[in-house]
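Okay, final20.txt now, which holds compact mmCIF, C-alpha atoms:
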# COMPACT_ATOMS: atom_id res chain seq x y z
CA MET A 1 24.97 123.64 137.76
CA PRO A 2 27.41 122.19 135.17
CA VAL A 3 30.52 124.38 135.16
CA ILE A 4 32.74 124.70 132.09
CA THR A 5 36.14 123.35 133.05
CA ARG A 6 37.93 122.54 129.80
CA ILE A 7 37.98 123.89 126.26
CA GLU A 8 40.02 122.32 123.45
CA VAL A 9 40.68 123.84 120.05
CA ALA A 10 42.54 122.64 116.98
CA THR A 11 42.99 123.39 113.28
CA ALA A 12 42.36 120.77 110.59
CA VAL A 13 43.39 121.08 106.94
CA VAL A 14 41.61 118.73 104.52
CA PRO A 15 42.77 118.82 100.87
CA LEU A 16 40.28 118.65 98.01
CA PRO A 17 40.89 115.79 95.56
CA GLN A 18 40.87 118.24 92.64
CA VAL A 19 41.44 121.98 92.29
CA THR A 20 37.94 123.51 92.37
CA GLY A 21 36.67 126.85 91.12
CA ILE A 22 33.84 129.20 91.99
CA ALA A 23 33.20 132.67 90.59
CA ARG A 24 36.10 134.53 92.21
CA ARG A 25 38.08 131.90 94.07
CA THR A 26 40.07 128.76 93.42
CA ILE A 27 40.08 126.21 96.23
CA THR A 28 42.65 123.48 96.90
CA ASN A 29 41.78 122.63 100.51
CA ARG A 30 39.41 123.42 103.36
CA GLU A 31 40.65 124.57 106.75
CA TYR A 32 38.54 124.17 109.87
CA THR A 33 38.66 125.27 113.48
CA LEU A 34 37.39 122.48 115.74
CA VAL A 35 36.37 122.88 119.38
CA ARG A 36 35.36 120.68 122.29
CA ILE A 37 33.81 122.02 125.50
CA THR A 38 33.60 119.92 128.67
CA ALA A 39 31.84 120.71 131.94
CA ASP A 40 32.35 119.22 135.39
CA ASP A 41 29.53 116.76 134.68
CA ASP A 42 31.94 115.15 132.16
CA VAL A 43 29.63 115.90 129.22
CA THR A 44 31.43 117.23 126.15
CA GLY A 45 30.00 119.16 123.21
CA ILE A 46 31.65 119.79 119.86
CA GLY A 47 31.58 122.62 117.37
CA PHE A 48 33.42 123.76 114.28
CA CYS A 49 33.67 126.54 111.73
CA TYR A 50 35.23 127.12 108.34
CA PRO A 51 37.40 130.25 108.56
CA GLY A 52 38.43 129.86 104.91
CA HIS A 53 40.64 127.89 102.60
CA SER A 54 43.74 129.28 104.30
CA ARG A 55 44.81 130.64 107.70
CA ALA A 56 42.16 128.97 109.82
CA ASN A 57 44.64 129.36 112.66
CA ILE A 58 43.39 132.95 113.02
CA ALA A 59 40.02 131.68 114.25
CA THR A 60 41.77 129.00 116.31
CA LEU A 61 43.86 131.64 118.06
CA ALA A 62 40.76 133.75 118.69
CA VAL A 63 39.15 130.77 120.42
CA ARG A 64 42.24 129.92 122.48
CA ASP A 65 43.40 133.37 123.54
CA LEU A 66 40.31 135.58 123.43
CA LEU A 67 37.09 133.61 123.81
CA ALA A 68 37.79 130.40 125.72
CA PRO A 69 39.02 132.20 128.87
CA VAL A 70 35.66 134.01 129.01
CA LEU A 71 33.80 130.68 129.20
CA LEU A 72 35.81 128.90 131.88
CA GLY A 73 33.92 128.68 135.17
CA ARG A 74 30.59 129.66 133.64
CA ASP A 75 27.38 127.64 133.88
CA ALA A 76 27.45 125.56 130.70
CA ASP A 77 23.66 125.71 130.33
CA LEU A 78 23.44 129.52 130.41
CA ILE A 79 24.30 129.68 126.73
CA GLU A 80 22.82 133.08 125.91
CA GLY A 81 24.78 134.61 128.77
CA ALA A 82 27.94 132.96 127.48
CA TRP A 83 27.24 134.34 124.01
CA GLN A 84 26.87 137.87 125.32
CA ALA A 85 30.09 137.60 127.31
CA MET A 86 32.05 136.33 124.29
CA TYR A 87 30.56 138.93 121.97
CA GLN A 88 31.42 141.75 124.35
CA GLU A 89 34.98 140.46 124.74
CA ALA A 90 35.37 140.27 120.95
CA LEU A 91 33.78 143.63 120.21
CA LEU A 92 36.99 145.49 119.36
CA HIS A 93 38.63 142.53 117.62
CA GLY A 94 35.96 141.72 115.08
CA ARG A 95 32.19 141.66 114.83
CA VAL A 96 32.44 139.54 111.67
CA GLY A 97 34.99 137.21 110.16
CA SER A 98 37.36 134.84 111.94
CA VAL A 99 36.68 136.05 115.49
CA VAL A 100 32.91 135.61 115.17
CA ARG A 101 33.42 132.29 113.37
CA GLY A 102 35.41 131.12 116.38
CA LEU A 103 32.63 132.39 118.65
CA SER A 104 30.16 130.46 116.48
CA ALA A 105 32.05 127.20 116.92
CA LEU A 106 32.04 127.62 120.70
CA ASP A 107 28.34 128.50 120.80
CA ILE A 108 27.50 125.42 118.71
CA ALA A 109 29.53 123.26 121.11
CA LEU A 110 27.63 124.68 124.08
CA TRP A 111 24.27 123.79 122.51
CA ASP A 112 25.55 120.34 121.57
CA ARG A 113 26.81 119.78 125.13
CA SER A 114 23.52 120.84 126.73
CA ALA A 115 21.45 118.66 124.39
CA ARG A 116 23.74 115.71 125.12
CA ALA A 117 23.40 116.34 128.87
CA ALA A 118 19.61 116.35 128.43
CA ALA A 119 19.85 113.13 126.38
CA MET A 120 17.89 114.73 123.54
CA PRO A 121 18.58 115.17 119.81
CA LEU A 122 19.40 118.79 119.13
CA HIS A 123 16.33 119.51 116.99
CA LYS A 124 14.03 118.21 119.73
CA TYR A 125 16.00 120.02 122.44
CA LEU A 126 15.26 123.19 120.48
CA GLY A 127 11.55 122.33 120.30
CA GLY A 128 11.66 121.00 116.76
CA HIS A 129 8.79 120.55 114.34
CA SER A 130 9.94 117.55 112.26
CA ASP A 131 12.23 114.52 112.23
CA GLU A 132 12.70 114.87 108.46
CA VAL A 133 13.78 117.89 106.43
CA PRO A 134 13.93 118.58 102.68
CA ALA A 135 17.31 118.96 101.01
CA TYR A 136 18.64 120.18 97.70
CA ALA A 137 21.72 118.75 95.99
CA SER A 138 24.42 121.40 95.83
CA GLY A 139 27.19 121.16 93.25
CA GLY A 140 27.93 122.33 89.75
CA TYR A 141 31.42 123.57 90.61
CA TYR A 142 33.93 124.47 87.94
CA LEU A 143 36.56 121.75 87.40
CA ASP A 144 39.16 121.52 84.67
CA GLY A 145 37.86 119.35 81.85
CA LYS A 146 34.37 119.03 83.29
CA GLY A 147 32.43 121.00 80.70
CA VAL A 148 28.71 121.00 80.05
CA ASP A 149 28.53 117.23 79.62
CA GLY A 150 30.25 116.70 82.95
CA LEU A 151 27.81 119.04 84.66
CA ALA A 152 24.85 117.21 83.11
CA ALA A 153 26.21 113.86 84.27
CA GLU A 154 26.72 115.21 87.78
CA LEU A 155 23.13 116.45 88.03
CA GLN A 156 21.80 113.20 86.56
CA GLY A 157 23.59 111.42 89.38
CA TYR A 158 21.83 113.60 91.96
CA LYS A 159 18.50 113.06 90.23
CA ASP A 160 19.07 109.29 90.30
CA LEU A 161 19.52 109.57 94.08
CA GLY A 162 16.03 111.06 94.33
CA PHE A 163 16.75 114.78 94.57
CA SER A 164 14.28 117.13 92.92
CA ALA A 165 16.06 120.40 93.79
CA PHE A 166 19.56 121.32 92.63
CA LYS A 167 22.06 124.18 92.80
CA ILE A 168 24.93 124.98 90.44
CA LYS A 169 27.65 127.63 90.34
CA VAL A 170 27.62 130.54 87.92
CA GLY A 171 29.84 133.56 87.32
CA ARG A 172 33.28 132.12 86.67
CA VAL A 173 32.82 132.06 82.91
CA GLY A 174 31.01 134.31 80.44
CA VAL A 175 27.26 134.82 80.40
CA GLU A 176 26.72 132.69 77.29
CA GLU A 177 28.91 129.85 78.50
CA ASP A 178 27.02 129.83 81.77
CA ARG A 179 23.76 129.96 79.82
CA ALA A 180 24.75 126.71 78.11
CA ARG A 181 25.48 125.15 81.50
CA ILE A 182 22.13 126.31 82.90
CA ALA A 183 20.28 125.04 79.83
CA ALA A 184 21.92 121.63 80.23
CA ALA A 185 20.99 121.58 83.91
CA ARG A 186 17.37 122.37 83.16
CA GLU A 187 17.23 119.68 80.49
CA VAL A 188 18.47 117.07 82.97
CA ILE A 189 16.25 117.99 85.91
CA GLY A 190 13.11 118.65 83.84
CA THR A 191 10.51 121.36 84.10
CA GLU A 192 9.38 120.29 87.57
CA GLY A 193 12.86 120.28 89.11
CA VAL A 194 13.95 123.24 91.22
CA LEU A 195 17.11 124.88 89.85
CA MET A 196 19.12 127.35 91.96
CA LEU A 197 22.09 129.47 90.86
CA ASP A 198 24.99 130.53 93.07
CA ALA A 199 27.04 133.49 91.85
CA ASN A 200 29.45 133.76 94.81
CA ASN A 201 29.70 137.59 94.68
CA THR A 202 30.58 137.61 90.98
CA TRP A 203 29.16 141.01 89.95
CA SER A 204 30.22 144.47 91.04
CA ASP A 205 27.62 146.48 89.12
CA LEU A 206 23.88 146.21 88.56
CA PRO A 207 23.81 146.27 84.71
CA SER A 208 26.09 143.22 84.47
CA ALA A 209 23.92 141.26 86.87
CA VAL A 210 20.68 142.25 85.13
CA ARG A 211 22.09 141.39 81.70
CA ALA A 212 23.14 137.93 82.84
CA LEU A 213 19.89 137.14 84.62
CA ARG A 214 17.78 138.23 81.65
CA ARG A 215 19.70 135.74 79.51
CA TRP A 216 18.99 133.02 82.10
CA GLU A 217 15.38 133.82 83.07
CA GLU A 218 13.88 131.41 80.54
CA PHE A 219 15.29 128.48 82.54
CA ASP A 220 13.20 129.47 85.57
CA PRO A 221 15.84 129.70 88.30
CA TYR A 222 14.39 129.44 91.80
CA PHE A 223 16.90 131.96 93.14
CA ILE A 224 20.16 133.75 92.38
CA GLU A 225 22.50 133.48 95.35
CA GLU A 226 25.08 136.09 96.37
CA PRO A 227 25.01 138.14 93.19
CA PHE A 228 27.13 140.93 94.74
CA GLY A 229 29.63 141.32 97.54
CA PRO A 230 28.10 140.95 101.01
CA ASP A 231 28.45 144.65 101.86
CA ASP A 232 26.65 145.82 98.71
CA ILE A 233 23.14 145.65 100.15
CA GLU A 234 21.80 148.40 97.87
CA ASN A 235 22.60 146.53 94.67
CA HIS A 236 20.99 143.38 96.09
CA ALA A 237 17.85 145.43 96.67
CA ARG A 238 17.98 147.01 93.20
CA LEU A 239 18.44 143.63 91.57
CA ALA A 240 15.50 142.21 93.49
CA LYS A 241 13.33 144.88 91.86
CA ALA A 242 14.85 144.41 88.40
CA THR A 243 14.41 140.65 87.97
CA PRO A 244 11.66 138.12 88.64
CA ILE A 245 14.32 135.75 89.95
CA THR A 246 14.36 135.61 93.75
CA VAL A 247 17.49 137.01 95.40
CA ALA A 248 19.09 134.97 98.18
CA THR A 249 22.09 135.93 100.30
CA GLY A 250 23.45 136.11 103.82
CA GLU A 251 25.93 133.23 104.08
CA ILE A 252 28.84 135.53 105.02
CA GLU A 253 26.78 137.76 107.31
CA ALA A 254 27.21 137.86 111.08
CA GLY A 255 24.59 138.93 113.58
CA ARG A 256 20.86 139.43 113.56
CA TRP A 257 21.36 143.14 112.97
CA ARG A 258 22.93 142.58 109.57
CA ALA A 259 20.14 140.18 108.64
CA LYS A 260 17.64 142.87 109.61
CA SER A 261 19.44 145.35 107.34
CA LEU A 262 19.01 142.95 104.41
CA LEU A 263 15.32 142.50 105.20
CA ASP A 264 14.63 146.19 105.73
CA ALA A 265 16.21 146.96 102.36
CA GLU A 266 14.17 144.17 100.71
CA ALA A 267 17.50 142.88 99.44
CA ALA A 268 16.66 139.18 99.90
CA VAL A 269 13.60 137.04 100.46
CA ILE A 270 15.69 133.96 101.24
CA LEU A 271 18.31 134.33 103.97
CA GLN A 272 21.19 131.86 103.87
CA CYS A 273 22.80 132.63 107.19
CA ASP A 274 25.21 129.99 108.48
CA ALA A 275 25.37 129.01 112.15
CA ALA A 276 29.14 128.56 111.88
CA VAL A 277 29.52 132.11 110.53
CA CYS A 278 26.76 134.32 111.92
CA GLY A 279 27.39 133.82 115.65
CA GLY A 280 26.38 130.24 116.29
CA LEU A 281 23.10 128.50 116.87
CA SER A 282 22.09 131.20 119.35
CA GLU A 283 22.24 133.82 116.64
CA LEU A 284 20.80 131.69 113.84
CA ARG A 285 17.76 131.01 116.01
CA LYS A 286 17.15 134.76 116.33
CA ILE A 287 17.64 135.22 112.59
CA ALA A 288 15.11 132.45 111.91
CA ASP A 289 12.55 134.22 114.09
CA LEU A 290 13.36 137.51 112.38
CA ALA A 291 12.86 135.92 108.95
CA SER A 292 9.51 134.53 110.06
CA ALA A 293 8.40 137.97 111.27
CA TYR A 294 9.30 139.47 107.89
CA GLY A 295 7.58 136.68 105.98
CA VAL A 296 10.76 135.41 104.33
CA SER A 297 12.52 132.05 104.43
CA LEU A 298 15.75 130.70 105.89
CA ALA A 299 17.84 128.24 103.87
CA PRO A 300 21.11 127.86 105.81
CA HIS A 301 24.36 127.80 103.90
CA TRP A 302 26.55 124.69 103.70
CA PHE A 303 27.29 122.25 106.57
CA HIS A 304 24.28 119.95 106.17
CA ASP A 305 25.33 117.92 109.22
CA LEU A 306 25.14 121.04 111.36
CA HIS A 307 22.13 122.72 109.80
CA ALA A 308 19.79 119.77 109.32
CA PRO A 309 18.68 119.75 112.98
CA MET A 310 18.21 123.51 112.88
CA VAL A 311 15.99 123.28 109.82
CA GLY A 312 14.09 120.62 111.77
CA ALA A 313 13.71 123.08 114.63
CA PHE A 314 12.97 126.41 112.91
CA PRO A 315 9.64 126.68 111.04
CA ALA A 316 10.99 129.50 108.84
CA ALA A 317 13.67 127.19 107.42
CA ILE A 318 12.78 125.55 104.11
CA PHE A 319 15.82 123.64 102.83
CA VAL A 320 19.08 122.01 103.82
CA GLU A 321 21.93 122.47 101.38
CA TYR A 322 23.23 118.93 100.87
CA PHE A 323 26.51 117.82 99.30
CA VAL A 324 26.86 114.31 97.93
CA GLY A 325 30.24 112.80 98.85
CA ASN A 326 33.27 114.46 100.42
CA ASP A 327 34.95 116.10 97.45
CA ILE A 328 33.68 119.62 98.16
CA HIS A 329 31.97 119.45 101.54
CA ASN A 330 34.85 117.65 103.18
CA ILE A 331 33.98 118.41 106.79
CA ASN A 332 32.29 114.99 106.50
CA THR A 333 35.77 113.49 106.43
CA LEU A 334 36.26 114.65 110.03
CA LEU A 335 32.96 113.26 111.36
CA ASP A 336 32.26 109.80 112.69
CA ARG A 337 28.68 109.52 111.45
CA GLN A 338 26.79 110.66 108.35
CA LEU A 339 23.20 111.71 107.83
CA ASP A 340 20.63 109.34 106.35
CA VAL A 341 19.34 110.81 103.07
CA ALA A 342 16.79 109.27 100.72
CA GLY A 343 14.64 110.82 98.01
CA GLY A 344 15.93 114.30 98.76
CA VAL A 345 14.85 114.04 102.41
CA ILE A 346 17.20 113.97 105.41
CA ARG A 347 16.23 111.86 108.39
CA LEU A 348 17.56 113.58 111.48
CA HIS A 349 19.71 111.82 114.04
CA GLN A 350 17.80 110.62 117.09
CA THR A 351 20.88 110.37 119.31
CA PRO A 352 21.70 113.18 121.77
CA GLY A 353 23.09 116.51 120.60
CA LEU A 354 24.22 116.95 117.03
CA GLY A 355 24.27 113.17 116.69
CA PHE A 356 27.89 112.85 115.60
CA GLY A 357 31.41 113.35 116.88
CA PHE A 358 34.85 113.85 115.41
CA SER A 359 36.52 110.81 113.88
CA GLU A 360 39.72 110.15 115.81
CA GLU A 361 41.21 108.42 112.78
CA ALA A 362 40.54 111.47 110.62
CA LEU A 363 41.89 113.83 113.28
CA ASP A 364 45.13 111.89 113.39
CA ARG A 365 45.46 112.49 109.66
CA TYR A 366 44.29 116.09 109.25
CA LEU A 367 44.97 118.02 112.46
CA VAL A 368 47.74 120.60 112.23
CA GLY A 369 49.44 120.10 115.56
CA PRO A 370 47.80 118.83 118.75
CA TRP A 371 44.64 120.01 120.47
CA GLU A 372 45.36 123.16 122.48
CA VAL A 373 43.77 123.08 125.93
CA VAL A 374 42.40 125.92 127.99
CA GLU A 375 41.25 124.74 131.40
CA LYS A 376 40.41 125.96 134.84

Starting from the file, give its structure as structure tokens.
Amino acid sequence: MPVITRIEVATAVVPLPQVTGIARRTITNREYTLVRITADDDVTGIGFCYPGHSRANIATLAVRDLLAPVLLGRDADLIEGAWQAMYQEALLHGRVGSVVRGLSALDIALWDRSARAAAMPLHKYLGGHSDEVPAYASGGYYLDGKGVDGLAAELQGYKDLGFSAFKIKVGRVGVEEDRARIAAAREVIGTEGVLMLDANNTWSDLPSAVRALRRWEEFDPYFIEEPFGPDDIENHARLAKATPITVATGEIEAGRWRAKSLLDAEAAVILQCDAAVCGGLSELRKIADLASAYGVSLAPHWFHDLHAPMVGAFPAAIFVEYFVGNDIHNINTLLDRQLDVAGGVIRLHQTPGLGFGFSEEALDRYLVGPWEVVEK
């Protein structure tokens, strides 16, 4: 029985090279909570989460002071039991948000540690179905001076790399300005390319959303992502009935119960739940099974390094969201190995666990203070 003896947690702040905009937020850096879990067999697993573009230390403190003490002395391979113990301990502090994101990072590290101990790649440890998974190129952010031509050039670059599916941001500018951006995107990717739109909670009322989507329908969007705030399930459901464009959401949701609420309301037919947000791999696995039972799909949000093996393990999962370079998805800066991508297909790591670790050189540069240690 491998016993958990040591848990380390730290905060990393990685600046973006350029101020970047989405519908309702402006981002200058990414902040991450990083964890390492070691058992008495000397096998270590890693995990991480993105608490937000500021104050990631809230999740780091939740790991150090609330959750890590629950794990010490436990059997490292009894991961579901560990999840239940952490969730119960956190119940009054937060069932969503930073506390559950910290829980997610620890749960991911436990799965990584167990797969490493078994000397198996994570997707195979989970009983995976494929060594390769399809990916779409995610981008189209708002940058000063970028304009429609800049967006077109960006998407042409992704197309030249072999991608046939693409996602761009909408909602920060007016409907007609976004329509010009969408039209340019469609012209670049062609009629056969898959075009997805991400609204990042831009609308607060149904008529505004319907008006915008009716202006954009002719460009055949594959889905509209996060049209409303995450708590506005009813408007997601109403929009799904009002437009032929598929509604996708769930990236900010925590727990299988919330995913079930979305499905019961017919508010989304693509769930985008994120293992680093929803409660870890343990919870994402349950959500994937739930999606399969409802006949809908899972397309996990962000973190392609983390989610690629899960898409390779869960039959309900259809896509990995992939970011080219480190400008936006800068967690890559902290990792010591990158995924192999060609023709819009990710080849999964065949080394044990997640297949990567933290780059010590990058940690020296981006950690805010030292690793904090909780040990038995």

Quick one: residues within 7 Å of region 358-367 of chain A, all atoms listed in the file, excluding same-chain residues fewer than 5 positions away - as a ChimeraX atom specification? /A:10-14,333-336

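When all atoms listed in the file are used to compute distances to Trp257 (chain A), the closest of the residues A:Arg95, A:Arg6, A:Arg30, A:Arg347 turns out to be A:Arg95.
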
Could you tell me which of A:Phe323, A:Phe48, A:Tyr136, A:Trp216 comes closest to Ala180 (chain A) if we count only C-alpha atoms? A:Trp216

Atomic separation - CA of Glu192 (chain A) relative to CA of Phe219 (chain A), Å: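 Between CA of Phe219 (chain A) and CA of Glu192 (chain A) the gap works out to 11.3 Å.
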
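For the pair CA of Leu290 (chain A) and CA of His93 (chain A), the interatomic distance is 26.3 Å.
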
Export region 83-102 of chain A, N, CA and C atoms, as a PDB file, in the first residue's frame; it's the structure right above.
ATOM      1  N   TRP A  83     -10.831  11.569  -3.000  1.00  0.00           N
ATOM      2  CA  TRP A  83     -11.696  12.632  -3.539  1.00  0.00           C
ATOM      3  C   TRP A  83     -12.860  12.912  -2.586  1.00  0.00           C
ATOM      4  N   GLN A  84     -13.504  11.873  -2.140  1.00  0.00           N
ATOM      5  CA  GLN A  84     -14.642  12.044  -1.237  1.00  0.00           C
ATOM      6  C   GLN A  84     -14.227  12.739   0.049  1.00  0.00           C
ATOM      7  N   ALA A  85     -13.061  12.364   0.580  1.00  0.00           N
ATOM      8  CA  ALA A  85     -12.592  12.978   1.820  1.00  0.00           C
ATOM      9  C   ALA A  85     -12.296  14.462   1.612  1.00  0.00           C
ATOM     10  N   MET A  86     -11.654  14.810   0.495  1.00  0.00           N
ATOM     11  CA  MET A  86     -11.370  16.218   0.219  1.00  0.00           C
ATOM     12  C   MET A  86     -12.650  17.003  -0.005  1.00  0.00           C
ATOM     13  N   TYR A  87     -13.570  16.430  -0.765  1.00  0.00           N
ATOM     14  CA  TYR A  87     -14.820  17.133  -1.058  1.00  0.00           C
ATOM     15  C   TYR A  87     -15.607  17.405   0.218  1.00  0.00           C
ATOM     16  N   GLN A  88     -15.649  16.427   1.100  1.00  0.00           N
ATOM     17  CA  GLN A  88     -16.374  16.598   2.361  1.00  0.00           C
ATOM     18  C   GLN A  88     -15.723  17.675   3.215  1.00  0.00           C
ATOM     19  N   GLU A  89     -14.392  17.694   3.243  1.00  0.00           N
ATOM     20  CA  GLU A  89     -13.672  18.700   4.020  1.00  0.00           C
ATOM     21  C   GLU A  89     -13.918  20.108   3.475  1.00  0.00           C
ATOM     22  N   ALA A  90     -14.083  20.199   2.148  1.00  0.00           N
ATOM     23  CA  ALA A  90     -14.237  21.505   1.498  1.00  0.00           C
ATOM     24  C   ALA A  90     -15.686  21.976   1.426  1.00  0.00           C
ATOM     25  N   LEU A  91     -16.612  21.162   1.874  1.00  0.00           N
ATOM     26  CA  LEU A  91     -18.029  21.391   1.616  1.00  0.00           C
ATOM     27  C   LEU A  91     -18.494  22.791   2.012  1.00  0.00           C
ATOM     28  N   LEU A  92     -18.058  23.280   3.162  1.00  0.00           N
ATOM     29  CA  LEU A  92     -18.517  24.582   3.642  1.00  0.00           C
ATOM     30  C   LEU A  92     -17.659  25.736   3.125  1.00  0.00           C
ATOM     31  N   HIS A  93     -16.542  25.418   2.490  1.00  0.00           N
ATOM     32  CA  HIS A  93     -15.646  26.461   1.997  1.00  0.00           C
ATOM     33  C   HIS A  93     -15.878  26.779   0.524  1.00  0.00           C
ATOM     34  N   GLY A  94     -16.394  25.829  -0.221  1.00  0.00           N
ATOM     35  CA  GLY A  94     -16.651  26.118  -1.623  1.00  0.00           C
ATOM     36  C   GLY A  94     -16.819  24.858  -2.434  1.00  0.00           C
ATOM     37  N   ARG A  95     -17.978  24.712  -3.053  1.00  0.00           N
ATOM     38  CA  ARG A  95     -18.227  23.555  -3.918  1.00  0.00           C
ATOM     39  C   ARG A  95     -17.905  23.867  -5.377  1.00  0.00           C
ATOM     40  N   VAL A  96     -17.496  25.110  -5.633  1.00  0.00           N
ATOM     41  CA  VAL A  96     -17.011  25.535  -6.946  1.00  0.00           C
ATOM     42  C   VAL A  96     -15.857  26.499  -6.705  1.00  0.00           C
ATOM     43  N   GLY A  97     -15.247  26.979  -7.768  1.00  0.00           N
ATOM     44  CA  GLY A  97     -14.256  28.019  -7.640  1.00  0.00           C
ATOM     45  C   GLY A  97     -12.911  27.525  -7.150  1.00  0.00           C
ATOM     46  N   SER A  98     -12.167  28.395  -6.467  1.00  0.00           N
ATOM     47  CA  SER A  98     -10.770  28.140  -6.147  1.00  0.00           C
ATOM     48  C   SER A  98     -10.559  26.886  -5.304  1.00  0.00           C
ATOM     49  N   VAL A  99     -11.455  26.622  -4.357  1.00  0.00           N
ATOM     50  CA  VAL A  99     -11.276  25.449  -3.500  1.00  0.00           C
ATOM     51  C   VAL A  99     -11.374  24.169  -4.326  1.00  0.00           C
ATOM     52  N   VAL A 100     -12.376  24.082  -5.191  1.00  0.00           N
ATOM     53  CA  VAL A 100     -12.535  22.882  -6.010  1.00  0.00           C
ATOM     54  C   VAL A 100     -11.448  22.821  -7.085  1.00  0.00           C
ATOM     55  N   ARG A 101     -10.964  23.950  -7.539  1.00  0.00           N
ATOM     56  CA  ARG A 101      -9.837  23.926  -8.484  1.00  0.00           C
ATOM     57  C   ARG A 101      -8.589  23.363  -7.797  1.00  0.00           C
ATOM     58  N   GLY A 102      -8.368  23.740  -6.546  1.00  0.00           N
ATOM     59  CA  GLY A 102      -7.267  23.147  -5.801  1.00  0.00           C
ATOM     60  C   GLY A 102      -7.450  21.651  -5.610  1.00  0.00           C
TER      61      GLY A 102
END
